[in-house]
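Structure data follow from work.cif (mmCIF, C-alpha atoms):
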```cif
data_protein
#
loop_
_atom_site.label_atom_id
_atom_site.label_comp_id
_atom_site.auth_asym_id
_atom_site.auth_seq_id
_atom_site.Cartn_x
_atom_site.Cartn_y
_atom_site.Cartn_z
CA MET A 6 51.23 -10.23 -63.29
CA SER A 7 47.55 -9.70 -64.04
CA LEU A 8 45.82 -6.45 -63.15
CA THR A 9 42.69 -7.31 -65.12
CA GLY A 10 39.67 -5.47 -63.77
CA GLN A 11 41.80 -2.93 -61.89
CA VAL A 12 41.65 0.85 -62.31
CA ALA A 13 44.86 2.85 -61.93
CA VAL A 14 45.42 6.60 -61.64
CA VAL A 15 48.94 7.70 -62.57
CA THR A 16 49.73 11.35 -61.91
CA GLY A 17 52.07 13.13 -64.29
CA SER A 18 51.75 10.33 -66.81
CA SER A 19 52.03 12.11 -70.15
CA THR A 20 55.83 11.71 -70.39
CA GLY A 21 58.86 10.06 -68.82
CA ILE A 22 58.51 7.62 -65.93
CA GLY A 23 54.78 8.28 -65.56
CA ARG A 24 54.16 7.41 -69.19
CA ALA A 25 56.10 4.15 -68.88
CA ILE A 26 54.15 3.23 -65.74
CA ALA A 27 50.78 3.95 -67.37
CA LEU A 28 51.69 1.83 -70.38
CA ARG A 29 53.02 -1.05 -68.27
CA LEU A 30 49.97 -1.17 -66.00
CA ALA A 31 47.74 -1.16 -69.09
CA GLN A 32 49.76 -4.01 -70.61
CA ASP A 33 49.16 -5.90 -67.36
CA GLY A 34 45.42 -5.42 -67.76
CA ALA A 35 44.51 -2.26 -65.84
CA ASP A 36 42.36 0.58 -67.10
CA ILE A 37 44.22 3.88 -66.77
CA CYS A 38 43.48 7.46 -65.79
CA ILE A 39 46.23 9.54 -67.41
CA ASN A 40 46.96 12.85 -65.70
CA TYR A 41 48.78 15.88 -67.06
CA VAL A 42 49.09 19.64 -66.51
CA HIS A 43 50.83 20.77 -69.70
CA HIS A 44 51.09 19.33 -73.23
CA ALA A 45 47.73 17.65 -73.77
CA GLU A 46 49.04 16.18 -77.00
CA ASP A 47 51.45 13.94 -75.09
CA ALA A 48 48.69 12.72 -72.78
CA ASN A 49 46.43 12.02 -75.75
CA ALA A 50 49.22 10.03 -77.40
CA VAL A 51 49.55 7.85 -74.28
CA GLN A 52 45.78 7.35 -74.28
CA ALA A 53 45.84 6.22 -77.91
CA GLU A 54 48.67 3.77 -77.21
CA ILE A 55 46.83 2.30 -74.23
CA LYS A 56 43.62 1.89 -76.19
CA GLN A 57 45.56 -0.17 -78.73
CA THR A 58 46.12 -2.71 -75.95
CA GLY A 59 42.36 -3.05 -75.54
CA ARG A 60 42.25 -1.30 -72.18
CA ARG A 61 40.18 1.75 -71.29
CA ALA A 62 42.01 5.05 -70.82
CA ILE A 63 40.87 8.54 -69.92
CA VAL A 64 42.81 11.79 -69.81
CA VAL A 65 42.32 14.29 -66.97
CA CYS A 66 44.04 17.66 -66.75
CA ALA A 67 44.67 18.44 -63.08
CA ASP A 68 47.35 20.28 -61.13
CA VAL A 69 47.83 18.01 -58.12
CA SER A 70 49.40 20.85 -56.11
CA GLN A 71 45.89 22.32 -55.92
CA VAL A 72 43.84 20.23 -53.49
CA PRO A 73 40.47 20.69 -55.23
CA GLN A 74 42.03 19.56 -58.51
CA ALA A 75 43.73 16.58 -56.83
CA ARG A 76 40.40 15.47 -55.41
CA GLN A 77 38.64 16.04 -58.73
CA LEU A 78 41.23 13.86 -60.48
CA ILE A 79 40.28 10.90 -58.29
CA ALA A 80 36.59 11.70 -58.66
CA GLU A 81 36.87 11.70 -62.47
CA ALA A 82 38.58 8.32 -62.46
CA VAL A 83 35.80 6.90 -60.29
CA ALA A 84 33.05 8.48 -62.38
CA GLN A 85 34.44 7.42 -65.75
CA LEU A 86 36.17 4.12 -64.93
CA GLY A 87 34.04 2.86 -62.06
CA GLY A 88 36.42 3.04 -59.11
CA ILE A 89 40.08 3.11 -58.17
CA ASP A 90 42.35 0.25 -57.14
CA ILE A 91 45.84 1.67 -57.77
CA LEU A 92 47.22 5.17 -57.30
CA VAL A 93 50.70 6.04 -58.52
CA ASN A 94 51.88 9.42 -57.25
CA ASN A 95 54.39 10.17 -59.97
CA ALA A 96 53.99 13.93 -60.60
CA GLY A 97 57.10 15.79 -59.52
CA ILE A 98 59.31 18.78 -60.28
CA GLU A 99 62.68 20.13 -59.21
CA VAL A 100 64.29 23.58 -59.28
CA ILE A 101 68.09 23.39 -59.09
CA GLN A 102 69.32 26.28 -56.97
CA PRO A 103 71.97 26.77 -54.24
CA PHE A 104 70.43 26.63 -50.78
CA LEU A 105 71.44 30.23 -50.00
CA GLU A 106 69.53 31.42 -53.06
CA VAL A 107 66.33 29.35 -52.76
CA THR A 108 63.28 31.58 -52.98
CA GLU A 109 60.04 31.06 -51.11
CA GLU A 110 58.27 30.80 -54.45
CA ASN A 111 60.47 27.94 -55.69
CA TYR A 112 60.37 26.16 -52.33
CA ASP A 113 56.57 26.34 -52.22
CA ARG A 114 56.26 25.19 -55.83
CA VAL A 115 58.41 22.09 -55.35
CA LEU A 116 56.85 21.05 -52.04
CA ALA A 117 53.33 21.69 -53.33
CA VAL A 118 53.68 19.37 -56.32
CA ASN A 119 55.94 16.70 -54.88
CA LEU A 120 54.61 16.32 -51.33
CA LYS A 121 51.31 18.15 -50.91
CA GLY A 122 50.03 16.74 -54.20
CA ALA A 123 50.97 13.19 -53.25
CA PHE A 124 49.46 13.62 -49.79
CA PHE A 125 46.04 14.77 -50.91
CA CYS A 126 45.83 12.46 -53.93
CA THR A 127 46.58 9.62 -51.51
CA GLN A 128 43.92 10.83 -49.10
CA ALA A 129 41.25 11.09 -51.80
CA ALA A 130 42.15 7.72 -53.32
CA ALA A 131 42.29 5.99 -49.92
CA GLN A 132 38.90 7.39 -48.94
CA GLN A 133 37.43 5.89 -52.12
CA MET A 134 39.25 2.58 -51.59
CA VAL A 135 37.82 2.35 -48.07
CA ARG A 136 34.32 2.99 -49.41
CA GLN A 137 34.80 0.27 -52.01
CA GLY A 138 35.93 -2.18 -49.35
CA ARG A 139 38.31 -4.20 -51.51
CA GLY A 140 41.67 -2.75 -50.50
CA GLY A 141 44.09 -1.06 -52.86
CA ARG A 142 47.63 -0.10 -53.76
CA ILE A 143 49.27 3.32 -53.34
CA ILE A 144 52.72 3.70 -54.86
CA ASN A 145 54.76 6.89 -54.63
CA ILE A 146 57.52 7.65 -57.10
CA SER A 147 60.04 9.06 -54.70
CA SER A 148 63.79 9.23 -55.37
CA VAL A 149 67.14 8.09 -54.07
CA HIS A 150 67.15 11.62 -52.66
CA GLU A 151 64.67 10.65 -49.97
CA ASP A 152 67.88 9.39 -48.29
CA LEU A 153 70.77 10.66 -50.41
CA ALA A 154 71.72 14.33 -50.03
CA MET A 155 71.99 16.40 -53.22
CA PRO A 156 73.60 19.83 -52.77
CA GLY A 157 71.86 22.43 -54.91
CA ASN A 158 68.51 20.64 -54.70
CA ALA A 159 67.44 21.11 -51.08
CA PRO A 160 63.67 21.64 -51.65
CA TYR A 161 63.48 18.51 -53.81
CA CYS A 162 65.34 16.44 -51.21
CA ALA A 163 63.08 17.83 -48.47
CA SER A 164 59.99 16.87 -50.48
CA LYS A 165 61.20 13.31 -51.06
CA GLY A 166 62.29 12.88 -47.45
CA GLY A 167 58.82 14.04 -46.45
CA MET A 168 57.30 11.56 -48.87
CA ARG A 169 59.25 8.74 -47.20
CA MET A 170 57.84 9.50 -43.76
CA MET A 171 54.37 10.12 -45.15
CA MET A 172 54.47 6.70 -46.80
CA ARG A 173 55.63 4.93 -43.66
CA THR A 174 52.99 6.57 -41.49
CA VAL A 175 50.09 6.21 -43.91
CA ALA A 176 51.02 2.57 -44.55
CA LEU A 177 50.36 1.83 -40.88
CA GLU A 178 47.09 3.74 -40.81
CA LEU A 179 45.71 2.12 -43.94
CA ALA A 180 46.85 -1.45 -43.30
CA LYS A 181 43.57 -2.30 -41.53
CA HIS A 182 41.79 -1.46 -44.78
CA ASN A 183 44.06 -3.79 -46.80
CA ILE A 184 45.57 -0.79 -48.59
CA THR A 185 49.33 -1.05 -49.09
CA VAL A 186 51.55 2.02 -49.42
CA ASN A 187 55.11 1.93 -50.76
CA ASP A 188 57.72 4.17 -52.36
CA VAL A 189 59.77 3.50 -55.48
CA GLY A 190 62.99 5.50 -55.45
CA PRO A 191 64.57 5.91 -58.88
CA GLY A 192 68.19 6.89 -59.25
CA ALA A 193 69.55 8.21 -62.55
CA ILE A 194 66.87 7.52 -65.16
CA ALA A 195 66.84 8.58 -68.82
CA THR A 196 63.97 11.09 -68.75
CA PRO A 197 63.50 14.68 -69.92
CA ILE A 198 64.33 15.99 -66.44
CA ASN A 199 67.90 14.67 -66.89
CA ARG A 200 68.35 15.90 -70.46
CA LYS A 201 71.25 18.25 -69.64
CA THR A 202 73.28 15.40 -68.16
CA LEU A 203 72.34 12.91 -70.86
CA GLU A 204 73.43 15.32 -73.60
CA ASN A 205 76.79 16.16 -71.98
CA PRO A 206 79.31 13.32 -72.55
CA GLN A 207 81.53 14.36 -69.63
CA LEU A 208 78.68 14.66 -67.14
CA LEU A 209 77.20 11.39 -68.38
CA ALA A 210 80.50 9.53 -68.03
CA ALA A 211 80.99 10.88 -64.50
CA LEU A 212 77.49 9.80 -63.50
CA LYS A 213 77.90 6.29 -64.94
CA ALA A 214 81.16 5.95 -63.01
CA GLU A 215 79.18 6.34 -59.76
CA ILE A 216 76.70 3.59 -60.66
CA PRO A 217 77.90 0.01 -60.02
CA LEU A 218 75.84 -1.40 -62.90
CA GLY A 219 77.50 1.19 -65.16
CA ARG A 220 74.41 2.46 -66.96
CA ILE A 221 71.56 4.92 -66.72
CA GLY A 222 68.21 3.36 -65.91
CA SER A 223 65.20 3.43 -68.19
CA PRO A 224 61.61 4.43 -67.33
CA GLU A 225 60.69 0.82 -67.99
CA ASP A 226 63.04 -0.29 -65.19
CA VAL A 227 60.93 1.76 -62.80
CA ALA A 228 57.62 0.66 -64.33
CA GLY A 229 58.47 -2.99 -63.77
CA VAL A 230 58.81 -2.53 -60.03
CA VAL A 231 55.62 -0.46 -59.88
CA SER A 232 53.83 -3.27 -61.72
CA PHE A 233 54.97 -5.75 -59.06
CA LEU A 234 53.87 -3.50 -56.17
CA ALA A 235 50.48 -3.01 -57.83
CA SER A 236 49.98 -6.74 -58.30
CA PRO A 237 48.48 -9.48 -56.09
CA GLU A 238 52.02 -10.83 -55.64
CA ALA A 239 52.82 -7.77 -53.47
CA ALA A 240 49.85 -8.20 -51.13
CA TYR A 241 52.15 -8.56 -48.10
CA VAL A 242 54.41 -5.63 -48.99
CA THR A 243 53.82 -2.27 -47.34
CA GLY A 244 55.71 0.60 -45.71
CA SER A 245 58.93 0.20 -47.70
CA THR A 246 61.02 1.98 -50.31
CA TYR A 247 62.41 0.10 -53.31
CA PHE A 248 65.42 1.84 -54.87
CA ILE A 249 65.84 1.47 -58.63
CA ASP A 250 69.34 2.88 -58.90
CA GLY A 251 71.83 0.34 -60.28
CA GLY A 252 73.48 0.13 -56.85
CA LEU A 253 74.06 3.87 -56.45
CA MET A 254 72.83 4.00 -52.85
CA ARG A 255 75.19 1.22 -51.78
CA GLN A 256 78.07 2.81 -53.66
CA THR A 257 77.60 6.12 -51.85
CA GLY A 258 77.02 4.50 -48.48
CA ALA A 259 73.68 6.29 -48.11
CA LEU A 260 72.00 3.16 -46.74
#
```

Just give me the structure as structure tokens.
Amino acid sequence: MSLTGQVAVVTGSSTGIGRAIALRLAQDGADICINYVHHAEDANAVQAEIKQTGRRAIVVCADVSQVPQARQLIAEAVAQLGGIDILVNNAGIEVIQPFLEVTEENYDRVLAVNLKGAFFCTQAAAQQMVRQGRGGRIINISSVHEDLAMPGNAPYCASKGGMRMMMRTVALELAKHNITVNDVGPGAIATPINRKTLENPQLLAALKAEIPLGRIGSPEDVAGVVSFLASPEAAYVTGSTYFIDGGLMRQTGAL
């Protein structure tokens, strides 16, 4: 799937799923704006790897939970790479805490990064796409927990459920501009955020037992679906969520 001549912004792309997405889109021909908040060295390493593919890559430090920084991220991509064709809202955090103990600070932090950040990055990117007049792709990295309850993680689930309805609504509003909007909902993926489970044999075995395909997913599994949704082949696809979960949602009856 060729993305030659396309410019993609991937938020939170210095590690994990975001890194895999940035690398895959570059392999498919896109120039990449890598975004990070912490650990510049990881972002610079992704940039170096992308440049080895012959694609352009820039690194922009921006906290997407802060609206001025979210807007500046898109502006930097446009200024340095010449436009924007693909936005992947990947940046996300979670704070595991029983509902009865959730603090306002932790609630605000999770919702600000996961939902507010995606909302205003989408707005800024869509405004630029409309000005360009050639359509575009907006892809949110959501979660199975936009539908599947997860006790102990209520703010995260609320943010992903909000992302689902944001995606569905914005997809309708932007369709007339030939801008598609979709969610990708990973299940259990081998990333740093799941390190505690991955390093505990008992927890890992219990998790695998819930997944019909019997394995933990890889960041590349997610990146492959993002690549499709960013491509010309997905021109008629909008307003939907694609779960990358090894069958977990069917197993639990959440769908």

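Contact shell of segment 29-39 of chain A at 7 Å (only C-alpha atoms; same-chain neighbours under 2 positions omitted): Met6, Ser7, Leu8, Thr9, Gly10, Gln11, Val12, Ala13, Val14, Val15, Thr16, Ser18, Ser19, Ala25, Ile26, Ala27, Tyr41, Ala48, Ile55, Thr58, Arg60, Arg61, Ala62, Ile63, Val64, Val65, Ala82, Ala228 and Ser232 of chain A.
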
Item to complete: On this file, the PyMOL selection byres ((chain A and resi 185-188) around 7) gives some set of residues; write that set as a list in words.
Response: Gly141, Arg142, Ile143, Ile144, Asn145, Ile146, Ser147, Met172, Ala176, Ala180, Asn183, Ile184, Val189, Gly190, Val242, Thr243, Gly244, Ser245, Thr246 and Tyr247 of chain A

Those residues with C-alpha atoms, as a compact mmCIF listing (two decimals), keeping the file's coordinate frame please?
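Written out: result-v5.txt:
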```txt
# COMPACT_ATOMS: atom_id res chain seq x y z
CA GLY A 141 44.09 -1.06 -52.86
CA ARG A 142 47.63 -0.10 -53.76
CA ILE A 143 49.27 3.32 -53.34
CA ILE A 144 52.72 3.70 -54.86
CA ASN A 145 54.76 6.89 -54.63
CA ILE A 146 57.52 7.65 -57.10
CA SER A 147 60.04 9.06 -54.70
CA MET A 172 54.47 6.70 -46.80
CA ALA A 176 51.02 2.57 -44.55
CA ALA A 180 46.85 -1.45 -43.30
CA ASN A 183 44.06 -3.79 -46.80
CA ILE A 184 45.57 -0.79 -48.59
CA VAL A 189 59.77 3.50 -55.48
CA GLY A 190 62.99 5.50 -55.45
CA VAL A 242 54.41 -5.63 -48.99
CA THR A 243 53.82 -2.27 -47.34
CA GLY A 244 55.71 0.60 -45.71
CA SER A 245 58.93 0.20 -47.70
CA THR A 246 61.02 1.98 -50.31
CA TYR A 247 62.41 0.10 -53.31
```

Item to complete: Have a look at atom CA of Met155 of chain A and atom CA of Asn199 of chain A and let me know their distance in Å, one decimal.
Response: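 One can read the atom CA of Met155 of chain A to atom CA of Asn199 of chain A distance as 14.4 Å.
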
Suppose a student applies the PyMOL selection byres ((chain A and resi 160) around 7) to this structure; what residues should they get, written as a short mmCIF file (atom, residue, chain, number, x, y, z; two decimals) with C-alpha atoms, in the frame of the given file?
```
data_model
loop_
_atom_site.label_atom_id
_atom_site.label_comp_id
_atom_site.auth_asym_id
_atom_site.auth_seq_id
_atom_site.Cartn_x
_atom_site.Cartn_y
_atom_site.Cartn_z
CA TYR A 112 60.37 26.16 -52.33
CA VAL A 115 58.41 22.09 -55.35
CA LEU A 116 56.85 21.05 -52.04
CA ASN A 158 68.51 20.64 -54.70
CA ALA A 159 67.44 21.11 -51.08
CA TYR A 161 63.48 18.51 -53.81
CA CYS A 162 65.34 16.44 -51.21
CA ALA A 163 63.08 17.83 -48.47
CA SER A 164 59.99 16.87 -50.48
#
```

Practice prompt. Please measure the separation of atom CA of Lys213 of chain A and atom CA of Asp226 of chain A, giving the value in Å to one decimal.
Written response: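 For atom CA of Lys213 of chain A relative to atom CA of Asp226 of chain A, the distance reads 16.3 Å.
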
Item to complete: Could you jot down the atom CA of Pro103 of chain A to atom CA of Pro156 of chain A separation for me, Å, one decimal place?
Response: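 Separating atom CA of Pro103 of chain A from atom CA of Pro156 of chain A is a distance of 7.3 Å.
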
Practice prompt. May I have the protein, DNA and RNA residues with any atom at most 7 Å from the point (49.8, 9.3, -51.6), counting only C-alpha atoms, written as a PyMOL selection string?
Written response: chain A and resi 94+123-128+143+145

Discussion item. Take the PyMOL selection byres ((chain A and resi 258) around 12), run it mentally on this structure, and tell me the resulting residues as JSON, numbers by chain.
Written reply: {"A": [149, 152, 153, 154, 215, 252, 253, 254, 255, 256, 257, 259, 260]}

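Proximity to Met170 of chain A was assessed for A:Ala67, A:Gly138, A:Leu120, A:Pro237 counting only C-alpha atoms; the smallest distance is recorded for A:Leu120.
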
Worksheet, complete the sentence: If you count all atoms listed in the file, the residue of A:Ala96, A:Ile91, A:Leu28, A:Val69 closest to Gln57 of chain A turns out to be A:Leu28
